[in-house]
file final-v1.txt (compact mmCIF, C-alpha atoms and all ligand atoms)
# COMPACT_ATOMS: atom_id res chain seq x y z
CA MET A 163 81.97 -80.64 38.82
CA LYS A 164 79.37 -80.88 41.57
CA ARG A 165 81.35 -79.88 44.66
CA VAL A 166 84.28 -77.45 44.74
CA LEU A 167 86.43 -75.75 47.32
CA LEU A 168 87.16 -72.10 46.55
CA LYS A 169 90.29 -70.67 48.16
CA LEU A 170 90.36 -66.86 48.29
CA SER A 171 93.70 -65.33 49.19
CA GLY A 172 93.49 -62.73 51.97
CA GLU A 173 95.40 -60.31 49.77
CA ALA A 174 92.84 -60.66 46.97
CA LEU A 175 89.99 -59.80 49.42
CA ALA A 176 91.70 -56.50 50.20
CA GLY A 177 91.73 -55.30 46.57
CA ASP A 178 94.12 -52.43 45.87
CA LYS A 179 94.25 -51.46 49.56
CA LYS A 180 96.29 -54.64 50.33
CA THR A 181 94.91 -54.67 53.88
CA GLY A 182 91.45 -55.15 55.43
CA PHE A 183 88.51 -55.73 53.08
CA ASP A 184 87.50 -54.28 49.77
CA GLU A 185 83.72 -54.56 50.00
CA ALA A 186 83.12 -54.21 46.24
CA THR A 187 85.53 -57.12 45.59
CA CYS A 188 83.79 -59.29 48.19
CA ILE A 189 80.30 -58.49 46.85
CA GLY A 190 81.56 -59.34 43.34
CA VAL A 191 82.81 -62.71 44.60
CA ALA A 192 79.51 -63.36 46.40
CA LYS A 193 77.44 -62.65 43.27
CA GLN A 194 79.58 -65.07 41.25
CA VAL A 195 79.34 -67.80 43.89
CA LYS A 196 75.54 -67.31 43.98
CA GLN A 197 75.42 -68.13 40.25
CA LEU A 198 77.24 -71.41 40.95
CA VAL A 199 74.95 -72.26 43.88
CA ASP A 200 71.87 -71.43 41.78
CA ASP A 201 73.23 -73.89 39.17
CA GLY A 202 73.32 -76.61 41.85
CA ILE A 203 77.06 -76.59 42.58
CA GLN A 204 78.08 -77.13 46.20
CA VAL A 205 80.67 -74.56 47.29
CA ALA A 206 83.01 -74.57 50.29
CA VAL A 207 85.22 -71.52 50.87
CA VAL A 208 88.58 -71.02 52.57
CA THR A 209 90.00 -67.52 52.96
CA GLY A 210 93.62 -66.65 53.64
CA GLY A 211 94.60 -64.20 56.36
CA GLY A 212 97.38 -62.16 54.78
CA ASN A 213 95.18 -59.03 54.56
CA PHE A 214 95.44 -58.82 58.38
CA TRP A 215 98.35 -60.86 59.67
CA ARG A 216 100.75 -63.65 58.80
CA GLY A 217 102.77 -65.79 61.19
CA ARG A 218 105.86 -64.28 59.56
CA THR A 219 104.61 -60.72 60.33
CA SER A 220 106.48 -60.58 63.66
CA GLU A 221 110.06 -61.67 64.24
CA THR A 222 109.72 -60.81 67.92
CA ILE A 223 106.92 -62.95 69.31
CA ASP A 224 106.81 -66.73 69.51
CA ARG A 225 105.93 -68.32 66.12
CA THR A 226 103.15 -70.48 67.57
CA LYS A 227 101.44 -67.38 69.01
CA ALA A 228 101.99 -65.46 65.78
CA ASP A 229 100.35 -68.31 63.85
CA GLN A 230 97.42 -68.35 66.27
CA ILE A 231 96.83 -64.68 65.44
CA GLY A 232 97.01 -65.62 61.74
CA MET A 233 94.39 -68.35 62.21
CA LEU A 234 92.13 -65.91 64.05
CA ALA A 235 92.59 -63.46 61.15
CA THR A 236 91.09 -66.10 58.84
CA VAL A 237 88.12 -66.42 61.22
CA MET A 238 87.51 -62.66 60.96
CA ASN A 239 87.76 -62.92 57.17
CA CYS A 240 85.24 -65.76 57.03
CA ILE A 241 82.75 -63.97 59.33
CA TYR A 242 82.93 -60.95 57.03
CA VAL A 243 82.78 -62.79 53.70
CA SER A 244 80.06 -65.16 54.98
CA ASP A 245 77.89 -62.21 55.89
CA ILE A 246 78.46 -60.58 52.50
CA PHE A 247 77.31 -63.90 50.98
CA ARG A 248 74.15 -63.74 53.14
CA HIS A 249 73.59 -60.16 52.00
CA VAL A 250 73.41 -61.36 48.37
CA GLY A 251 70.96 -64.14 49.28
CA MET A 252 72.89 -67.31 50.18
CA LYS A 253 72.69 -69.46 53.30
CA THR A 254 76.06 -69.95 54.98
CA GLU A 255 77.77 -71.72 57.87
CA ILE A 256 81.30 -71.24 59.20
CA PHE A 257 83.31 -74.17 60.55
CA THR A 258 86.48 -73.90 62.63
CA PRO A 259 88.78 -76.69 63.85
CA PHE A 260 88.72 -75.11 67.36
CA VAL A 261 85.86 -73.78 69.49
CA CYS A 262 85.03 -70.12 68.80
CA GLY A 263 82.07 -69.97 71.15
CA ALA A 264 78.84 -69.19 69.32
CA PHE A 265 80.61 -67.47 66.43
CA THR A 266 81.24 -70.65 64.40
CA SER A 267 80.46 -74.37 64.34
CA LEU A 268 83.08 -76.95 65.24
CA PHE A 269 84.31 -78.73 62.07
CA SER A 270 83.44 -82.32 61.36
CA LYS A 271 83.23 -83.91 57.93
CA ASP A 272 79.66 -85.06 58.53
CA ALA A 273 78.40 -81.64 59.65
CA ALA A 274 80.16 -79.92 56.74
CA VAL A 275 78.79 -82.29 54.09
CA GLU A 276 75.31 -82.07 55.63
CA ALA A 277 75.42 -78.26 55.42
CA LEU A 278 76.50 -78.44 51.76
CA GLU A 279 73.66 -80.82 50.99
CA GLU A 280 71.23 -78.37 52.65
CA GLY A 281 72.34 -75.82 50.03
CA LYS A 282 74.54 -73.75 52.33
CA VAL A 283 77.86 -72.27 51.27
CA ILE A 284 80.26 -73.39 53.97
CA PHE A 285 83.39 -71.63 55.19
CA PHE A 286 86.40 -73.37 56.69
CA ALA A 287 88.02 -70.78 58.94
CA GLY A 288 91.02 -71.17 61.23
CA GLY A 289 93.17 -73.17 58.78
CA THR A 290 94.22 -76.58 60.06
CA GLY A 291 94.05 -75.34 63.66
CA HIS A 292 97.81 -75.86 63.98
CA PRO A 293 100.78 -73.51 63.66
CA TYR A 294 103.42 -73.90 60.92
CA PHE A 295 100.74 -74.60 58.31
CA SER A 296 99.13 -72.29 55.74
CA THR A 297 95.55 -71.81 54.63
CA ASP A 298 96.56 -73.36 51.28
CA THR A 299 97.34 -76.56 53.17
CA GLY A 300 94.14 -76.23 55.23
CA ALA A 301 92.18 -75.73 52.00
CA VAL A 302 93.61 -78.84 50.29
CA LEU A 303 93.05 -80.89 53.45
CA ARG A 304 89.38 -79.86 53.66
CA ALA A 305 88.88 -80.32 49.89
CA ILE A 306 90.12 -83.90 50.26
CA GLU A 307 88.02 -84.52 53.39
CA ILE A 308 84.75 -83.32 51.83
CA GLU A 309 85.63 -85.17 48.59
CA ALA A 310 85.53 -82.03 46.44
CA ASP A 311 85.96 -82.50 42.68
CA ALA A 312 88.60 -79.76 42.53
CA MET A 313 90.09 -76.84 44.34
CA LEU A 314 89.63 -73.39 42.78
CA LEU A 315 92.53 -71.17 43.78
CA ALA A 316 91.59 -67.49 43.34
CA LYS A 317 94.68 -65.35 43.69
CA ALA A 318 95.87 -61.78 43.26
CA ILE A 319 97.80 -63.12 40.17
CA ASP A 320 96.00 -64.73 37.18
CA GLY A 321 97.71 -68.15 37.08
CA ILE A 322 101.01 -69.95 37.53
CA TYR A 323 104.09 -68.47 35.84
CA ASP A 324 107.56 -69.93 35.29
CA SER A 325 108.99 -66.92 37.17
CA ASP A 326 107.60 -63.90 39.03
CA PRO A 327 106.02 -61.59 36.41
CA LYS A 328 106.50 -58.60 38.77
CA VAL A 329 110.26 -59.19 38.52
CA ASN A 330 110.59 -60.78 35.06
CA PRO A 331 108.48 -59.14 32.28
CA GLU A 332 109.24 -62.20 30.07
CA ALA A 333 107.62 -64.61 32.59
CA LYS A 334 105.46 -67.23 30.85
CA LYS A 335 102.07 -68.35 32.18
CA TYR A 336 101.23 -72.06 32.07
CA ASP A 337 97.82 -73.08 30.69
CA GLU A 338 98.30 -76.51 32.21
CA ILE A 339 100.98 -78.06 34.44
CA THR A 340 101.26 -81.19 36.56
CA ILE A 341 101.47 -80.86 40.34
CA GLN A 342 104.73 -82.83 40.13
CA ASP A 343 106.21 -80.07 37.92
CA VAL A 344 104.95 -77.40 40.34
CA ILE A 345 106.84 -79.25 43.09
CA ASP A 346 109.99 -79.97 41.03
CA GLN A 347 110.25 -76.39 39.74
CA LYS A 348 109.43 -74.94 43.19
CA LEU A 349 106.79 -72.67 41.61
CA ALA A 350 105.26 -70.29 44.15
CA ALA A 351 101.63 -71.14 43.31
CA VAL A 352 100.96 -73.08 46.50
CA ASP A 353 103.26 -74.09 49.33
CA LEU A 354 105.06 -77.42 49.29
CA THR A 355 102.96 -79.09 52.01
CA ALA A 356 99.76 -78.23 50.12
CA SER A 357 101.27 -79.45 46.81
CA ILE A 358 102.31 -82.80 48.31
CA LEU A 359 98.81 -83.30 49.74
CA CYS A 360 97.34 -82.60 46.28
CA LEU A 361 99.75 -85.04 44.67
CA GLU A 362 99.19 -87.86 47.16
CA ASN A 363 95.40 -87.49 47.18
CA LYS A 364 94.90 -86.60 43.51
CA MET A 365 93.22 -83.23 44.09
CA PRO A 366 93.31 -81.12 40.89
CA MET A 367 93.53 -77.34 41.10
CA LEU A 368 92.39 -74.48 38.90
CA VAL A 369 94.45 -71.34 39.57
CA PHE A 370 93.12 -67.97 38.36
CA GLY A 371 92.99 -64.25 39.15
CA LEU A 372 90.23 -63.12 41.47
CA ASN A 373 90.37 -59.64 39.99
CA GLU A 374 89.74 -60.86 36.41
CA GLN A 375 86.16 -60.17 35.24
CA ASN A 376 83.71 -62.96 36.23
CA SER A 377 86.64 -65.37 36.74
CA ILE A 378 84.98 -67.75 39.22
CA VAL A 379 81.94 -68.35 36.99
CA GLU A 380 84.11 -68.65 33.86
CA THR A 381 86.38 -71.15 35.58
CA MET A 382 83.38 -73.36 36.27
CA SER A 383 81.81 -72.88 32.84
CA GLY A 384 84.91 -74.01 30.96
CA THR A 385 86.04 -70.64 29.54
CA PHE A 386 89.03 -70.71 31.82
CA THR A 387 92.07 -68.51 31.29
CA GLY A 388 94.13 -69.43 34.38
CA THR A 389 96.35 -72.47 34.97
CA LYS A 390 95.01 -76.00 35.30
CA VAL A 391 97.09 -78.12 37.71
CA THR A 392 96.65 -81.81 36.92
CA VAL A 393 97.47 -84.73 39.21
N1 LIG A 401 97.96 -70.28 59.82
C1 LIG A 401 98.38 -71.32 60.66
N2 LIG A 401 97.90 -72.58 60.44
C2 LIG A 401 97.04 -72.89 59.44
C3 LIG A 401 96.64 -71.83 58.56
C4 LIG A 401 97.11 -70.55 58.78
O1 LIG A 401 99.15 -71.10 61.58
O2 LIG A 401 96.63 -74.06 59.31
C5 LIG A 401 98.40 -68.90 60.11
C6 LIG A 401 99.82 -68.58 59.62
O3 LIG A 401 100.39 -67.70 60.58
C7 LIG A 401 99.58 -67.81 58.32
C8 LIG A 401 98.31 -67.05 58.66
O4 LIG A 401 97.55 -67.97 59.47
O5 LIG A 401 100.64 -66.95 58.02
C9 LIG A 401 97.48 -66.59 57.50
O6 LIG A 401 97.26 -67.66 56.60
P1 LIG A 401 97.67 -67.56 55.07
O7 LIG A 401 97.68 -68.92 54.49
O8 LIG A 401 96.88 -66.50 54.42
O9 LIG A 401 99.11 -67.02 55.22
P2 LIG A 401 100.30 -66.99 54.20
O10 LIG A 401 100.45 -68.36 53.63
O11 LIG A 401 99.93 -65.98 53.17
O12 LIG A 401 101.39 -66.61 55.12
call {"tool": "encode", "arguments": {"input": "final-v1.txt", "output": "structure tokens", "more": "lines below"}}
Ligand code: UDP
result
Amino acid sequence: MKRVLLKLSGEALAGDKKTGFDEATCIGVAKQVKQLVDDGIQVAVVTGGGNFWRGRTSETIDRTKADQIGMLATVMNCIYVSDIFRHVGMKTEIFTPFVCGAFTSLFSKDAAVEALEEGKVIFFAGGTGHPYFSTDTGAVLRAIEIEADAMLLAKAIDGIYDSDPKVNPEAKKYDEITIQDVIDQKLAAVDLTASILCLENKMPMLVFGLNEQNSIVETMSGTFTGTKVTV
């Protein structure tokens, strides 16, 4: 694989605190991504926003406004993680689908691909730019647009299970599963909109635990212990 999109869940960025950032976790991620970049792999990153805010967080305010706050949460996450990446020695650029003044660049496929080819790690912040979508969907959309070879889905959980292992101690982890089965069995790995986009555009996914030792590098080097989602 030469070009990948890495999706980091907001929750995973927060470590045990579940909210805000866990700096050690983010530095660990940055060091792993640097190994990939040093090996010549082009990396685009999408972060979730759940460590700050989700559209579902408020039942009082209008959903569109709540989702706008969620999208802005992902911009804050990308500014933070991008700067941690710079701290460990990578060049970065953040793209958003809406104008954020001088904080980010406006997304276009050409600008994003050009930045990757210059050796930058690029961040897609702000999701799709529209309410009622998730960052999983935004991540698949951008992976397809930049013609990534696969999407790496780094989560707080270490793969896809047939039921929730927090609830069912007998839950079984899949080594490999088709995206059609993920959809048919309504498995909670990614939301339905994101799954359908993967299916229709043949975007494979590798799902693994961000908190597992060296998991990003191992996923790329073939010693992968998460779940491979085939298309
Ligand atoms: N969001 C949105 N449109 C997008 C991506 C994200 O409205 O294209 C908002 C939505 O409110 C979501 C929040 O940003 O709840 C954080 O995104 P994330 O995907 O982490 O949320 P989750 O799926 O965990 O709710």
call {"tool": "residues_around", "arguments": {"input": "final-v1.txt", "residues": "stretch 320-327 of chain A", "least_positions_apart": "5", "cutoff": "6 Å", "atoms": "all atoms listed in the file", "output": "list in words"}}
result
Ala333, Lys334, Lys335, Tyr336, Ala351, Val369, Phe370, Gly371, Gly388 and Thr389 of chain A
call {"tool": "residues_around", "arguments": {"input": "final-v1.txt", "residues": "A:Ile256", "least_positions_apart": "2", "cutoff": "6 Å", "atoms": "all atoms listed in the file", "output": "number ranges by chain"}}
result
A: 266, 284-285
call {"tool": "residues_near_ligand", "arguments": {"input": "final-v1.txt", "ligand": "ligand LIG 401 (chain A)", "cutoff": "7 Å", "atoms": "only C-alpha atoms and all ligand atoms", "output": "short mmCIF file (atom, residue, chain, number, x, y, z; two decimals) with C-alpha atoms, in the frame of the given file"}}
result
data_model
loop_
_atom_site.label_atom_id
_atom_site.label_comp_id
_atom_site.auth_asym_id
_atom_site.auth_seq_id
_atom_site.Cartn_x
_atom_site.Cartn_y
_atom_site.Cartn_z
CA SER A 171 93.70 -65.33 49.19
CA GLY A 172 93.49 -62.73 51.97
CA GLY A 210 93.62 -66.65 53.64
CA GLY A 211 94.60 -64.20 56.36
CA GLY A 212 97.38 -62.16 54.78
CA TRP A 215 98.35 -60.86 59.67
CA ARG A 216 100.75 -63.65 58.80
CA GLY A 217 102.77 -65.79 61.19
CA ARG A 218 105.86 -64.28 59.56
CA ALA A 228 101.99 -65.46 65.78
CA ASP A 229 100.35 -68.31 63.85
CA GLN A 230 97.42 -68.35 66.27
CA ILE A 231 96.83 -64.68 65.44
CA GLY A 232 97.01 -65.62 61.74
CA MET A 233 94.39 -68.35 62.21
CA ALA A 235 92.59 -63.46 61.15
CA THR A 236 91.09 -66.10 58.84
CA GLY A 288 91.02 -71.17 61.23
CA GLY A 289 93.17 -73.17 58.78
CA THR A 290 94.22 -76.58 60.06
CA GLY A 291 94.05 -75.34 63.66
CA HIS A 292 97.81 -75.86 63.98
CA PRO A 293 100.78 -73.51 63.66
CA TYR A 294 103.42 -73.90 60.92
CA PHE A 295 100.74 -74.60 58.31
CA SER A 296 99.13 -72.29 55.74
CA THR A 297 95.55 -71.81 54.63
CA ASP A 298 96.56 -73.36 51.28
CA THR A 299 97.34 -76.56 53.17
CA GLY A 300 94.14 -76.23 55.23
#
call {"tool": "residues_around", "arguments": {"input": "final-v1.txt", "residues": "A:Lys169", "least_positions_apart": "6", "cutoff": "8 Å", "atoms": "all atoms listed in the file", "output": "ChimeraX atom specification"}}
result
/A:207-210,298,301,313-316
call {"tool": "residues_near_point", "arguments": {"input": "final-v1.txt", "point": "(78.9, -78.8, 43.3)", "cutoff": "6 Å", "atoms": "only C-alpha atoms", "output": "CSV table (one decimal) with C-alpha atoms, keeping the file's coordinate frame"}}
result
chain,number,residue,atom,x,y,z
A,163,MET,CA,82.0,-80.6,38.8
A,164,LYS,CA,79.4,-80.9,41.6
A,165,ARG,CA,81.4,-79.9,44.7
A,166,VAL,CA,84.3,-77.4,44.7
A,203,ILE,CA,77.1,-76.6,42.6
A,204,GLN,CA,78.1,-77.1,46.2
call {"tool": "residues_around", "arguments": {"input": "final-v1.txt", "residues": "A:Leu175", "least_positions_apart": "5", "cutoff": "8 Å", "atoms": "all atoms listed in the file", "output": "JSON, numbers by chain"}}
result
{"A": [170, 182, 183, 184, 187, 188, 213]}
call {"tool": "atom_distance", "arguments": {"input": "final-v1.txt", "atom1": "atom CA of A:Lys348", "atom2": "atom CA of A:Leu361"}}
result
14.1 Å
